[in-house]
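Participant: Could you have a look at this structure, given as structure tokens, before my questions?
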Amino acid sequence: MRVDYENVLITGVAGFIGYHLAKRLLDAGARVIGIDNMNPYYDVSLKENRLKELVPYANFKFYQIDLTDLKGLEDIFKSGQLDGVVNLAAQAGVRYSLENPHAYVNSNLVGFVNILECCRHYNVKHLVFASSSSVYGANTKMPFSVHQNVDHPVSLYAATKKANELMAHTYAHLYQLPCTGLRFFTVYGPMGRPDMALFLFTRAILAGEPIQVFNHGKMMRDFTYIDDIIEGVVRILKKMPEPDLNWSGDAPDPGTSYTCYRLYNIGNNNPVSLLHFIEVIEKALGRKALRQYCDLQPGDVVETYADIDDLFKAVGFAPKTSIETGIEKFIGWYKSYYHI
């Protein structure tokens with residue numbers, strides 16, 4: 001069953017993925033309600049500049065609100081019938097979860113149950129929510145599949161994302177709320193997050209400062225370009241999750257369900273070594289990096305690699321942007337944005 005969406009609410013709309021998704025939907029003629037708490041986890045001016053590009057759209061409305069404000073959320077949900085909700089708001093970052101665990105509990109757990117409650121009570125047709133490749137935790141069987149057990153997270157951030165999946169399944173079971181979780185794999189691109197490797201490396205190399213190369217460079221990441229992520233989200237938003245008629249409680253499949261609930265990986269399906277990633281940045285900038293080799297950080301995993309067979313079967317799409325093309329586009333944006 002496919003559903004066309006005219007009214008969509010996006011949480012975390014001033015964030016990296018939220019901004020790009022909102023722009024894509026607005027350009028397609030959808031009406032978008034965006035909410036964001038504008039928290040200072042990273043440079044708020046970047047979030048403000050993303051919003052400045054969305055505000056001129058007549059079919060866009062923005063509310064600055066925190067997901068923990070249930071009354072405020074209810075007022076927004078009451079304001080009009082929402083066809084779909086895309087929950088992208090979360091306290092992000094694996095390493096920061098070691099410093100400020102309560103921020104993750106408030107945003108990713110309390111905030112998410114508030115979204116579920118509002119979707120339930122105001123008859124939202126489909127909730128699509130951001131999960132993360134981090135849920136695979138201590139798993140080492142590659143590529144990572146949604147049909148694998150993911151009960152061994154190695155960071156609190158990952159644990160909250162796994163909890164979101166469980167919470168959503170419960171609401172799909174109890175209230176027949178259609179829920180789809182998307183496990184994003186290392187998203188990068190223009191307007192990206194300043195705490196991510198590509199942004200940090202680019203800034204440091206241009207400033208002549210050393211970059212930190214964790215695990216002495218022995219890492220692999222399934223870097224996924226933002227346009228590919230957005231294409232996947234838009235297609236999944238229109239794809240209602242249906243019960244898996246072959247699902248059995250005797251051998252439960254973690255990736256599907258007997259109810260209206262599904263999980264998908266969205267990754268490039270092509271892991272790249274950290275050292276090659278750095279080399280591509282160096283080539284795009286025309287400068288060499290000063291490398292400071294460091295041990296693996298607590299909460300990090302050595303490799304990520306997405307099995308995207310289920311995504312392709314569901315919506316006929318597979319990410320395809322090469323790391324060379326994606327980094328070149330990011331560098332072009334970075335130089336323009338910072339007037340370099």
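Order determines the names: the first chain of the structure tokens is A, the second B, and so forth; residues in each chain are numbered 1 upward, and ligands are numbered 1 upward as they are shown.
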Give me the range 150-268 of chain A side of the contact with range 315-320 of chain A, cut-off 7 Å, one line per residue showing its nearest atom pair and distance in Å at one decimal, counting only C-alpha atoms, sorted by chain and residue number, as a tab-separated table.
Facilitator:
residue	atom	partner	partner_atom	distance
A:Asp228	CA	A:Pro319	CA	5.0
A:Gly232	CA	A:Phe317	CA	6.9
A:Arg235	CA	A:Val315	CA	6.2
A:Ile236	CA	A:Val315	CA	6.9
A:Gly267	CA	A:Pro319	CA	6.6
A:Asn268	CA	A:Pro319	CA	5.1
Participant: At a cut-off of 10 Å, using only C-alpha atoms, what residues contact Leu275 in chain A? Leave out same-chain residues fewer than 6 positions from it and give the result as a VMD selection string.
Facilitator: chain A and resid 213 216 to 220
Participant: Could the residues in this selection be written to a file with N, CA, C and O atoms, as a PDB file, in the first residue's frame?
Facilitator:
ATOM      1  N   VAL A 213      43.337  10.678  14.144  1.00  0.00           N
ATOM      2  CA  VAL A 213      43.018   9.469  13.378  1.00  0.00           C
ATOM      3  C   VAL A 213      42.873   8.326  14.376  1.00  0.00           C
ATOM      4  O   VAL A 213      43.862   7.775  14.865  1.00  0.00           O
ATOM      5  N   HIS A 216      44.313   4.304  15.039  1.00  0.00           N
ATOM      6  CA  HIS A 216      45.485   4.343  14.158  1.00  0.00           C
ATOM      7  C   HIS A 216      45.108   4.128  12.691  1.00  0.00           C
ATOM      8  O   HIS A 216      45.883   3.572  11.903  1.00  0.00           O
ATOM      9  N   GLY A 217      43.899   4.579  12.348  1.00  0.00           N
ATOM     10  CA  GLY A 217      43.437   4.510  10.961  1.00  0.00           C
ATOM     11  C   GLY A 217      42.803   3.194  10.566  1.00  0.00           C
ATOM     12  O   GLY A 217      42.297   3.051   9.449  1.00  0.00           O
ATOM     13  N   LYS A 218      42.810   2.231  11.484  1.00  0.00           N
ATOM     14  CA  LYS A 218      42.269   0.895  11.143  1.00  0.00           C
ATOM     15  C   LYS A 218      40.760   0.872  11.399  1.00  0.00           C
ATOM     16  O   LYS A 218      40.266   0.183  12.306  1.00  0.00           O
ATOM     17  N   MET A 219      40.039   1.653  10.606  1.00  0.00           N
ATOM     18  CA  MET A 219      38.586   1.738  10.727  1.00  0.00           C
ATOM     19  C   MET A 219      37.971   1.768   9.336  1.00  0.00           C
ATOM     20  O   MET A 219      38.577   2.253   8.381  1.00  0.00           O
ATOM     21  N   MET A 220      36.745   1.260   9.229  1.00  0.00           N
ATOM     22  CA  MET A 220      35.988   1.281   7.978  1.00  0.00           C
ATOM     23  C   MET A 220      34.617   1.881   8.270  1.00  0.00           C
ATOM     24  O   MET A 220      33.998   1.550   9.289  1.00  0.00           O
TER      25      MET A 220
END
Participant: What's the 10 Å shell around Ala90 in chain A, counting only C-alpha atoms, without same-chain residues fewer than 4 positions away, as a short mmCIF file (atom, residue, chain, number, x, y, z; two decimals) with C-alpha atoms, in the first residue's frame?
Facilitator:
data_model
loop_
_atom_site.label_atom_id
_atom_site.label_comp_id
_atom_site.auth_asym_id
_atom_site.auth_seq_id
_atom_site.Cartn_x
_atom_site.Cartn_y
_atom_site.Cartn_z
CA THR A 11 11.28 16.95 14.10
CA GLY A 12 14.86 18.19 14.18
CA GLY A 15 19.41 19.62 11.80
CA ASP A 36 13.49 21.98 16.60
CA LEU A 67 10.31 17.10 22.43
CA ALA A 103 20.66 14.65 27.46
CA TYR A 104 20.16 11.34 25.61
CA VAL A 105 17.53 10.10 28.05
CA ASN A 106 15.54 13.33 27.80
CA SER A 107 15.65 13.77 24.03
CA ASN A 108 15.87 10.22 22.73
CA LEU A 109 13.64 8.44 25.24
CA GLY A 111 11.01 12.95 23.69
CA PHE A 112 10.38 9.88 21.56
CA ALA A 130 15.72 7.81 12.63
CA SER A 131 17.61 4.92 14.12
CA TYR A 157 23.46 6.69 22.20
CA THR A 160 18.63 4.82 23.10
CA LYS A 161 18.26 4.17 19.38
#
Participant: For Ile226 in chain A, find every residue with an atom within 6 Å (counting only C-alpha atoms), except residues of its own chain fewer than 2 positions away, and show them as a PyMOL selection string.
Facilitator: chain A and resi 187-189+228-229
Participant: From the DSSP assignment of the backbone, select every residue of range 79-170 of chain A that is strand (DSSP E or B), and format the answer as a list of chain:residue names.
Facilitator: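 Answer for range 79-170 of chain A restricted to strand (DSSP E or B) is A:Gly84, A:Val85, A:Val86, A:Asn87, A:His126, A:Leu127, A:Val128, A:Phe129, A:Ala130, A:Ser131, A:Ser132, A:Phe144.
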Participant: Any chance you could export the current selection's C-alpha atoms as a PDB file, in the first residue's frame?
Facilitator:
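Result file again_38.pdb:
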ATOM      1  CA  GLY A  84       3.255  11.569   8.133  1.00  0.00           C
ATOM      2  CA  VAL A  85       5.738  12.322  10.890  1.00  0.00           C
ATOM      3  CA  VAL A  86       9.490  11.959  10.409  1.00  0.00           C
ATOM      4  CA  ASN A  87      11.282  11.965  13.749  1.00  0.00           C
ATOM      5  CA  HIS A 126       2.851   6.762   9.260  1.00  0.00           C
ATOM      6  CA  LEU A 127       5.698   7.461  11.685  1.00  0.00           C
ATOM      7  CA  VAL A 128       9.173   7.207  10.168  1.00  0.00           C
ATOM      8  CA  PHE A 129      11.947   7.561  12.725  1.00  0.00           C
ATOM      9  CA  ALA A 130      15.717   7.807  12.628  1.00  0.00           C
ATOM     10  CA  SER A 131      17.611   4.920  14.122  1.00  0.00           C
ATOM     11  CA  SER A 132      21.335   4.432  13.616  1.00  0.00           C
ATOM     12  CA  PHE A 144      25.073  -5.544   9.017  1.00  0.00           C
TER      13      PHE A 144
END
Participant: Out of range 160-285 of chain A, which residues get alpha helix (DSSP H) from DSSP, as number ranges by chain?
Facilitator: A: 160-175, 197-207, 226-237, 274-285
Participant: Smallest atom-to-atom distance to Asp300 in chain A: which of A:Ala158, A:His121, A:Val44, A:Asp27, using only C-alpha atoms?
Facilitator: A:Ala158
Participant: Just the residues within 8 Å of Asp83 in chain A, please, counting only C-alpha atoms, with nothing from its chain fewer than 6 positions along; format it as a ChimeraX atom specification.
Facilitator: /A:5-8,124-126
